>>> print(open('run-v1.txt').read())   # compact mmCIF, C-alpha atoms and all ligand atoms
# COMPACT_ATOMS: atom_id res chain seq x y z
CA MET A 1 -32.82 -8.19 -30.73
CA LYS A 2 -29.56 -6.74 -29.50
CA THR A 3 -27.05 -9.07 -27.87
CA VAL A 4 -24.89 -8.49 -24.81
CA LEU A 5 -22.11 -10.52 -23.19
CA VAL A 6 -21.70 -9.93 -19.44
CA THR A 7 -18.82 -11.36 -17.36
CA GLY A 8 -18.94 -12.19 -13.64
CA CYS A 9 -22.68 -12.91 -13.36
CA SER A 10 -22.55 -15.26 -10.34
CA SER A 11 -23.53 -12.42 -7.99
CA GLY A 12 -23.70 -8.67 -7.43
CA ILE A 13 -23.51 -6.17 -10.26
CA GLY A 14 -23.05 -8.78 -13.01
CA ARG A 15 -26.15 -10.72 -12.02
CA ALA A 16 -28.23 -7.51 -11.70
CA THR A 17 -26.92 -6.31 -15.09
CA ALA A 18 -27.86 -9.55 -16.85
CA LEU A 19 -31.39 -9.33 -15.41
CA GLU A 20 -31.77 -5.64 -16.35
CA PHE A 21 -30.69 -6.28 -19.98
CA ARG A 22 -33.16 -9.18 -20.07
CA ARG A 23 -35.94 -6.96 -18.69
CA ARG A 24 -35.23 -4.56 -21.58
CA GLU A 25 -35.53 -7.48 -24.00
CA TRP A 26 -31.92 -7.94 -25.04
CA THR A 27 -30.49 -11.37 -25.82
CA VAL A 28 -28.23 -11.87 -22.82
CA TYR A 29 -25.18 -14.12 -22.57
CA ALA A 30 -24.57 -14.30 -18.84
CA THR A 31 -21.26 -15.90 -17.92
CA ALA A 32 -19.45 -17.04 -14.79
CA ARG A 33 -16.62 -19.31 -13.74
CA ASP A 34 -19.09 -21.83 -12.29
CA PRO A 35 -22.15 -22.49 -14.49
CA TYR A 36 -24.16 -23.70 -11.45
CA ASP A 37 -24.17 -20.08 -10.25
CA LEU A 38 -26.17 -19.13 -13.36
CA THR A 39 -29.16 -21.47 -13.02
CA ASP A 40 -31.61 -18.76 -12.02
CA LEU A 41 -30.40 -16.45 -14.81
CA ALA A 42 -31.05 -19.30 -17.28
CA ASP A 43 -34.55 -19.63 -15.78
CA ALA A 44 -34.99 -15.88 -16.36
CA GLY A 45 -34.28 -16.36 -20.08
CA CYS A 46 -30.55 -15.66 -20.30
CA GLU A 47 -28.17 -17.80 -22.34
CA THR A 48 -25.44 -18.97 -19.99
CA ASP A 49 -21.86 -20.14 -20.39
CA THR A 50 -18.71 -20.84 -18.43
CA LEU A 51 -16.18 -18.03 -18.68
CA ASP A 52 -13.13 -17.45 -16.52
CA VAL A 53 -11.75 -14.12 -17.75
CA THR A 54 -8.18 -15.36 -17.16
CA SER A 55 -8.69 -18.12 -19.73
CA GLN A 56 -8.08 -17.14 -23.37
CA SER A 57 -9.73 -20.37 -24.56
CA ASP A 58 -12.91 -19.60 -22.55
CA VAL A 59 -12.98 -16.08 -24.01
CA ASP A 60 -12.54 -17.30 -27.61
CA ARG A 61 -15.08 -20.12 -27.24
CA VAL A 62 -17.83 -17.88 -25.79
CA VAL A 63 -17.32 -15.03 -28.27
CA ASP A 64 -17.29 -17.52 -31.20
CA ARG A 65 -20.50 -19.11 -29.88
CA ILE A 66 -22.31 -15.74 -29.72
CA VAL A 67 -21.16 -14.64 -33.17
CA GLU A 68 -22.18 -18.01 -34.64
CA SER A 69 -25.61 -18.06 -32.94
CA GLU A 70 -26.57 -14.38 -33.08
CA GLY A 71 -24.33 -12.92 -35.80
CA ARG A 72 -23.67 -9.89 -33.60
CA ILE A 73 -22.35 -8.66 -30.28
CA ASP A 74 -23.82 -5.24 -29.58
CA CYS A 75 -22.42 -4.82 -26.11
CA LEU A 76 -19.67 -6.30 -23.94
CA VAL A 77 -19.84 -5.64 -20.20
CA ASN A 78 -16.47 -6.29 -18.53
CA ASN A 79 -17.76 -6.65 -14.99
CA ALA A 80 -15.83 -9.58 -13.46
CA GLY A 81 -13.42 -8.37 -10.83
CA TYR A 82 -12.38 -8.48 -7.20
CA GLY A 83 -10.50 -6.38 -4.68
CA GLN A 84 -7.02 -7.24 -3.47
CA PHE A 85 -6.67 -4.85 -0.55
CA GLY A 86 -3.73 -4.42 1.82
CA PRO A 87 -0.63 -2.23 2.23
CA ILE A 88 1.55 -2.34 -0.90
CA GLU A 89 4.42 -3.85 1.13
CA ASP A 90 2.30 -6.78 2.31
CA VAL A 91 0.80 -7.86 -1.02
CA PRO A 92 2.97 -10.57 -2.62
CA ILE A 93 3.77 -10.15 -6.31
CA SER A 94 1.75 -13.30 -7.11
CA ARG A 95 -1.35 -11.57 -5.71
CA VAL A 96 -0.62 -8.41 -7.74
CA HIS A 97 -0.32 -10.55 -10.85
CA ALA A 98 -3.59 -12.35 -10.07
CA GLN A 99 -5.36 -9.01 -9.48
CA PHE A 100 -4.25 -7.62 -12.83
CA ASP A 101 -4.98 -10.91 -14.60
CA VAL A 102 -8.67 -10.61 -13.67
CA ASN A 103 -9.27 -6.83 -13.49
CA VAL A 104 -7.06 -5.65 -16.37
CA TYR A 105 -5.97 -8.51 -18.64
CA GLY A 106 -9.46 -10.03 -18.46
CA PRO A 107 -11.17 -6.98 -20.03
CA HIS A 108 -8.26 -6.75 -22.49
CA ARG A 109 -8.75 -10.39 -23.60
CA LEU A 110 -12.48 -9.86 -24.09
CA THR A 111 -12.06 -6.50 -25.82
CA ARG A 112 -9.63 -7.99 -28.33
CA ALA A 113 -12.02 -10.88 -28.99
CA VAL A 114 -15.16 -8.76 -29.65
CA LEU A 115 -13.63 -5.78 -31.46
CA PRO A 116 -13.18 -7.40 -34.89
CA HIS A 117 -16.92 -8.21 -34.91
CA MET A 118 -17.95 -4.76 -33.68
CA ARG A 119 -15.68 -3.03 -36.21
CA GLU A 120 -17.03 -5.18 -39.02
CA ARG A 121 -20.62 -4.20 -38.15
CA GLY A 122 -19.63 -0.57 -37.52
CA GLU A 123 -21.26 -0.45 -34.10
CA GLY A 124 -21.01 -1.68 -30.54
CA THR A 125 -20.47 -0.61 -26.95
CA ILE A 126 -17.84 -1.82 -24.50
CA VAL A 127 -18.71 -1.07 -20.89
CA ASN A 128 -15.85 -1.45 -18.41
CA VAL A 129 -16.88 -1.63 -14.77
CA SER A 130 -14.24 0.39 -12.97
CA SER A 131 -14.60 2.00 -9.52
CA THR A 132 -14.04 5.23 -7.63
CA ALA A 133 -10.70 3.50 -6.98
CA GLY A 134 -10.03 3.92 -10.69
CA ARG A 135 -9.86 7.68 -10.13
CA LEU A 136 -8.57 7.93 -6.56
CA ALA A 137 -6.04 5.63 -4.84
CA SER A 138 -6.37 5.45 -1.07
CA PRO A 139 -4.15 3.64 1.48
CA MET A 140 -4.79 -0.15 1.67
CA MET A 141 -6.27 -0.15 -1.82
CA GLY A 142 -3.14 0.44 -3.87
CA VAL A 143 -3.13 -2.84 -5.81
CA TYR A 144 -6.87 -2.78 -6.51
CA ALA A 145 -6.76 0.93 -7.38
CA GLY A 146 -3.75 0.27 -9.60
CA SER A 147 -5.74 -2.31 -11.55
CA LYS A 148 -8.72 0.01 -11.95
CA HIS A 149 -6.48 2.97 -12.89
CA ALA A 150 -4.97 0.72 -15.59
CA LEU A 151 -8.45 -0.19 -16.80
CA GLU A 152 -9.36 3.52 -16.96
CA ALA A 153 -6.21 4.43 -18.91
CA MET A 154 -6.71 1.61 -21.40
CA SER A 155 -10.38 2.55 -21.80
CA ASP A 156 -9.47 6.20 -22.51
CA ALA A 157 -6.98 5.17 -25.17
CA LEU A 158 -9.38 2.62 -26.67
CA ARG A 159 -12.25 5.12 -26.83
CA ALA A 160 -10.22 7.38 -29.11
CA GLU A 161 -8.91 4.43 -31.16
CA VAL A 162 -12.30 2.91 -32.02
CA ASP A 163 -14.59 5.95 -32.12
CA SER A 164 -14.24 6.23 -35.89
CA PHE A 165 -15.44 2.59 -36.25
CA GLY A 166 -18.71 3.42 -34.49
CA VAL A 167 -17.70 1.63 -31.27
CA ASP A 168 -18.32 3.36 -27.91
CA VAL A 169 -16.24 2.74 -24.79
CA VAL A 170 -17.79 3.55 -21.43
CA LEU A 171 -16.43 3.48 -17.88
CA VAL A 172 -18.91 2.86 -15.07
CA GLU A 173 -17.44 3.95 -11.73
CA PRO A 174 -19.41 2.81 -8.68
CA GLY A 175 -18.56 3.79 -5.12
CA PRO A 176 -19.44 1.14 -2.50
CA VAL A 177 -22.13 -1.29 -3.69
CA LYS A 178 -24.11 -3.77 -1.58
CA THR A 179 -22.65 -6.99 -3.01
CA PRO A 180 -20.38 -9.79 -1.69
CA PHE A 181 -17.37 -7.80 -3.02
CA GLY A 182 -16.42 -6.22 0.33
CA ASP A 183 -16.62 -9.44 2.33
CA ARG A 184 -14.59 -11.28 -0.29
CA ALA A 185 -11.96 -8.53 -0.16
CA MET A 186 -11.84 -8.80 3.64
CA GLU A 187 -11.26 -12.57 3.41
CA MET A 188 -8.31 -11.96 1.08
CA LEU A 189 -6.98 -9.30 3.43
CA ASP A 190 -7.08 -11.69 6.39
CA ASP A 191 -4.66 -14.18 4.85
CA LEU A 192 -1.98 -11.66 3.86
CA PRO A 193 1.41 -12.04 5.55
CA ARG A 194 1.53 -8.90 7.74
CA SER A 195 4.68 -6.85 8.23
CA ASP A 196 5.11 -4.50 11.20
CA GLY A 197 3.86 -0.96 11.00
CA TYR A 198 0.45 -1.11 9.36
CA GLU A 199 -1.72 -2.39 12.22
CA ASP A 200 -3.64 0.89 12.36
CA LEU A 201 -4.49 0.63 8.65
CA TYR A 202 -5.58 -3.00 9.02
CA HIS A 203 -7.71 -1.95 11.97
CA ILE A 204 -9.37 0.87 10.01
CA GLN A 205 -10.01 -1.37 7.01
CA ARG A 206 -11.17 -4.42 8.93
CA ASP A 207 -12.71 -3.33 12.19
CA THR A 208 -14.48 -0.23 10.98
CA ASN A 209 -15.92 -2.34 8.19
CA VAL A 210 -15.42 0.43 5.62
CA MET A 211 -15.98 -1.87 2.67
CA GLY A 212 -17.22 -5.07 4.31
CA GLY A 213 -20.76 -6.09 5.08
CA GLY A 214 -21.97 -5.58 1.54
CA GLY A 215 -20.88 -2.06 0.68
CA GLY A 216 -21.00 -0.63 4.20
CA THR A 217 -23.47 2.02 5.32
CA PHE A 218 -23.29 4.10 2.17
CA GLY A 219 -23.42 1.32 -0.41
CA VAL A 220 -25.85 1.59 -3.32
CA ARG A 221 -27.84 -1.40 -4.55
CA PRO A 222 -26.38 -3.38 -7.48
CA ASP A 223 -29.55 -2.59 -9.45
CA ALA A 224 -28.54 1.10 -9.53
CA VAL A 225 -25.23 0.18 -11.17
CA ALA A 226 -27.00 -2.23 -13.53
CA GLU A 227 -29.44 0.47 -14.66
CA THR A 228 -26.54 2.84 -15.39
CA ILE A 229 -24.76 0.14 -17.43
CA VAL A 230 -27.86 -0.74 -19.46
CA ASP A 231 -28.76 2.95 -20.00
CA ALA A 232 -25.23 3.56 -21.33
CA ALA A 233 -25.59 0.61 -23.73
CA ASN A 234 -28.89 1.95 -25.01
CA VAL A 235 -27.95 5.54 -25.87
CA ALA A 236 -26.46 6.63 -29.17
CA ASP A 237 -23.69 8.79 -27.73
CA PRO A 238 -22.84 7.66 -24.18
CA ALA A 239 -20.63 9.65 -21.80
CA ALA A 240 -17.07 8.45 -21.23
CA ARG A 241 -17.67 7.99 -17.48
CA TYR A 242 -20.62 7.31 -15.20
CA PRO A 243 -19.89 7.58 -11.46
CA VAL A 244 -22.66 5.75 -9.53
CA GLY A 245 -23.71 6.87 -6.03
CA ASP A 246 -22.88 9.90 -3.85
CA ILE A 247 -19.57 8.47 -2.59
CA ALA A 248 -18.45 7.95 -6.18
CA LYS A 249 -19.31 11.53 -7.11
CA LEU A 250 -17.45 12.86 -4.04
CA GLY A 251 -14.51 10.50 -4.58
CA VAL A 252 -13.97 11.76 -8.10
CA LEU A 253 -13.68 15.31 -6.72
CA GLY A 254 -10.91 14.06 -4.37
CA ARG A 255 -8.83 13.34 -7.43
CA TYR A 256 -8.60 17.07 -8.22
CA LEU A 257 -7.24 18.07 -4.78
CA PRO A 258 -3.57 19.06 -4.78
CA ASP A 259 -1.49 15.96 -3.88
CA ARG A 260 -0.17 17.43 -0.62
CA ILE A 261 -3.66 18.25 0.62
CA ARG A 262 -4.99 14.81 -0.31
CA ASP A 263 -2.04 13.15 1.48
CA ARG A 264 -2.68 15.26 4.61
CA LEU A 265 -6.35 14.28 4.52
CA PHE A 266 -5.41 10.57 4.40
CA ASP A 267 -3.02 11.20 7.35
CA LEU A 268 -5.81 12.89 9.26
CA VAL A 269 -8.26 10.04 8.66
CA ARG A 270 -5.58 7.52 9.70
CA TRP A 271 -4.89 9.46 12.92
CA VAL A 272 -8.56 10.02 13.84
CA MET A 273 -9.71 6.48 13.14
CA SER A 274 -6.84 4.47 14.61
P1 LIG A 301 -19.14 -9.68 -6.59
O1 LIG A 301 -20.58 -9.88 -6.23
O2 LIG A 301 -18.08 -10.29 -5.75
O3 LIG A 301 -18.98 -10.12 -8.11
C1 LIG A 301 -17.73 -10.26 -8.72
C2 LIG A 301 -17.90 -11.20 -9.88
O4 LIG A 301 -16.64 -11.31 -10.55
C3 LIG A 301 -18.31 -12.60 -9.44
O5 LIG A 301 -19.26 -13.08 -10.36
C4 LIG A 301 -17.00 -13.37 -9.55
O6 LIG A 301 -17.20 -14.76 -9.83
C5 LIG A 301 -16.42 -12.68 -10.77
N1 LIG A 301 -15.04 -13.07 -10.98
C6 LIG A 301 -13.98 -12.98 -10.16
N2 LIG A 301 -12.90 -13.51 -10.75
C7 LIG A 301 -13.30 -13.96 -11.97
C8 LIG A 301 -12.65 -14.60 -13.06
N3 LIG A 301 -11.35 -14.93 -13.02
N4 LIG A 301 -13.38 -14.89 -14.17
C9 LIG A 301 -14.69 -14.59 -14.23
N5 LIG A 301 -15.36 -14.01 -13.23
C10 LIG A 301 -14.66 -13.69 -12.12
O7 LIG A 301 -18.79 -8.12 -6.61
P2 LIG A 301 -19.43 -6.91 -7.44
O8 LIG A 301 -19.51 -5.78 -6.50
O9 LIG A 301 -20.63 -7.32 -8.18
O10 LIG A 301 -18.20 -6.60 -8.44
C11 LIG A 301 -18.38 -6.46 -9.84
C12 LIG A 301 -17.44 -5.40 -10.36
O11 LIG A 301 -17.76 -4.15 -9.72
C13 LIG A 301 -15.96 -5.65 -10.07
O12 LIG A 301 -15.21 -5.34 -11.23
C14 LIG A 301 -15.63 -4.68 -8.95
O13 LIG A 301 -14.27 -4.27 -8.96
C15 LIG A 301 -16.57 -3.53 -9.29
N6 LIG A 301 -16.88 -2.63 -8.16
C16 LIG A 301 -17.51 -3.12 -7.03
C17 LIG A 301 -17.78 -2.24 -5.99
C18 LIG A 301 -18.46 -2.69 -4.71
O14 LIG A 301 -18.40 -1.96 -3.69
N7 LIG A 301 -19.15 -3.82 -4.69
C19 LIG A 301 -17.43 -0.89 -6.09
C20 LIG A 301 -16.80 -0.43 -7.25
C21 LIG A 301 -16.55 -1.32 -8.28
P3 LIG A 301 -16.97 -15.91 -8.73
O15 LIG A 301 -18.26 -15.97 -7.96
O16 LIG A 301 -16.71 -17.12 -9.53
O17 LIG A 301 -15.81 -15.50 -7.88
>>> encode(input="run-v1.txt", output="structure tokens", more="lines below")
Ligand code: NAP
Amino acid sequence: MKTVLVTGCSSGIGRATALEFRRREWTVYATARDPYDLTDLADAGCETDTLDVTSQSDVDRVVDRIVESEGRIDCLVNNAGYGQFGPIEDVPISRVHAQFDVNVYGPHRLTRAVLPHMRERGEGTIVNVSSTAGRLASPMMGVYAGSKHALEAMSDALRAEVDSFGVDVVLVEPGPVKTPFGDRAMEMLDDLPRSDGYEDLYHIQRDTNVMGGGGGTFGVRPDAVAETIVDAANVADPAARYPVGDIAKLGVLGRYLPDRIRDRLFDLVRWVMS
């Protein structure tokens, strides 16, 4: 049986991904910061463990455990992440650091831990859960988008570095998804120290509930993202990128607009919605 390690399984996409791998009869190591959040995944047949992606000792302990017990790690899913929204000026450097520690350094820690084993076996897949924000940076999402752009850049470099070892690197890029992600991001937005000048942007982000309420009106279900992740892990030659949902497919197109036109469009949205 193939073995997968999934991070951030307490809710949302991570939990759905662990269950989908299990349904397809993989050995699943579902991890989270708080093991009590994993009780039902254990009942569903997953192995569970405590893993905070900002802790190098957690990363080393869990990877060593899997290699010792299973002798292989066929797939790593770097899913754990959160959204630090807000105008760039209002986000303190400590929050930027924390965002990158989870969304960028976390996948880097895990990638470095699993790669020696994957290279030795000459196979493996690393799936990095990015976002439409990894292709397109919009106002109020600069820090989060910065972290996902970094994840995309590092994944592109890594894909070329490890291809000759038989290791695949895949980016999964969801648009809005119906998970607690949006509400958690709104909570973090609420306790930012606000400077003058961005009230209209806070209003658009908060009061129009663009991301909140579990992915907003256009959010896809976490199962759709999970199926894409598990499909990518099960094919011999996966694509580099899998946008998930209509918003994601549209958002990626926005990246190819000339900068001036994209900026004017953001201005227009800001003016119409405020
Ligand atoms: P979610 O339900 O809030 O799940 C996020 C998971 O990440 C939780 O299990 C959370 O654990 C975990 N996490 C946060 N910090 C962690 C840390 N330091 N160590 C380990 N785990 C940590 O949201 P989701 O939508 O499923 O998000 C999963 C991924 O999808 C994220 O990378 C996110 O950026 C990406 N994404 C989400 C959306 C969306 O609209 N939902 C869209 C595009 C991309 P705790 O419960 O312990 O906090």
>>> residues_near_ligand(input="run-v1.txt", ligand="ligand LIG 301 (chain A)", cutoff="8 Å", atoms="all atoms listed in the file", output="PyMOL selection string")
chain A and resi 7-15+31-34+37+51-55+78-83+101-103+106+129-133+144+148+173-182+184+211+214-215+219+222
>>> residues_near_point(input="run-v1.txt", point="(-23.2, -23.5, -18.8)", cutoff="8 Å", atoms="only C-alpha atoms", output="ChimeraX atom specification")
/A:31,34-36,38,48-50
>>> closest_residue(input="run-v1.txt", among="A:Ala232, A:Met140, A:Ile261, A:Ala42", to="Glu89 in chain A", atoms="only C-alpha atoms")
A:Met140
>>> atom_distance(input="run-v1.txt", atom1="CA of Glu123 in chain A", atom2="CA of Val167 in chain A")
5.0 Å
>>> atom_distance(input="run-v1.txt", atom1="CA of Val252 in chain A", atom2="CA of Glu20 in chain A")
26.2 Å
>>> closest_residue(input="run-v1.txt", among="A:Arg112, A:Arg23, A:Lys2, A:Arg159", to="Gln56 in chain A", atoms="all atoms listed in the file")
A:Arg112
>>> atom_distance(input="run-v1.txt", atom1="CA of Asp156 in chain A", atom2="CA of Ile126 in chain A")
11.8 Å
>>> residues_around(input="run-v1.txt", residues="Ala150 in chain A", least_positions_apart="4", cutoff="8 Å", atoms="only C-alpha atoms", output="PyMOL selection string")
chain A and resi 104+134+146+154
>>> write_last_selection(input="run-v1.txt", atoms="C-alpha atoms", output="compact mmCIF listing (two decimals), keeping the file's coordinate frame")
# COMPACT_ATOMS: atom_id res chain seq x y z
CA VAL A 104 -7.06 -5.65 -16.37
CA GLY A 134 -10.03 3.92 -10.69
CA GLY A 146 -3.75 0.27 -9.60
CA MET A 154 -6.71 1.61 -21.40
>>> closest_residue(input="run-v1.txt", among="A:Ala224, A:Leu171, A:Val91, A:Leu257", to="Leu136 in chain A", atoms="all atoms listed in the file")
A:Leu257
>>> axis_aligned_box(input="run-v1.txt", around="range 92-96 of chain A", padding_each_side="5 Å", output="AutoDock Vina command-line options")
--center_x 1.2 --center_y -10.9 --center_z -5.2 --size_x 15.1 --size_y 14.9 --size_z 15.1
>>> residues_around(input="run-v1.txt", residues="Asp190 in chain A", least_positions_apart="6", cutoff="10 Å", atoms="all atoms listed in the file", output="ChimeraX atom specification")
/A:85-86,202,206
>>> write_last_selection(input="run-v1.txt", atoms="C-alpha atoms", output="short mmCIF file (atom, residue, chain, number, x, y, z; two decimals), in the coordinates of the input")
data_model
loop_
_atom_site.label_atom_id
_atom_site.label_comp_id
_atom_site.auth_asym_id
_atom_site.auth_seq_id
_atom_site.Cartn_x
_atom_site.Cartn_y
_atom_site.Cartn_z
CA PHE A 85 -6.67 -4.85 -0.55
CA GLY A 86 -3.73 -4.42 1.82
CA TYR A 202 -5.58 -3.00 9.02
CA ARG A 206 -11.17 -4.42 8.93
#
>>> closest_residue(input="run-v1.txt", among="A:Leu76, A:Val143, A:Leu151, A:Leu268", to="His117 in chain A", atoms="all atoms listed in the file")
A:Leu76
>>> residues_around(input="run-v1.txt", residues="Asp168 in chain A", least_positions_apart="5", cutoff="9 Å", atoms="only C-alpha atoms", output="list in words")
Glu123, Gly124, Thr125, Ile126, Val127, Arg159, Val162, Asp163, Ala233, Ala236, Asp237, Pro238 and Ala240 of chain A
>>> closest_residue(input="run-v1.txt", among="A:Ala137, A:Val170, A:Val220, A:Met186", to="Asp259 in chain A", atoms="all atoms listed in the file")
A:Ala137
>>> closest_residue(input="run-v1.txt", among="A:Gly245, A:Asp90, A:Ala226, A:Arg121", to="Gly71 in chain A", atoms="all atoms listed in the file")
A:Arg121
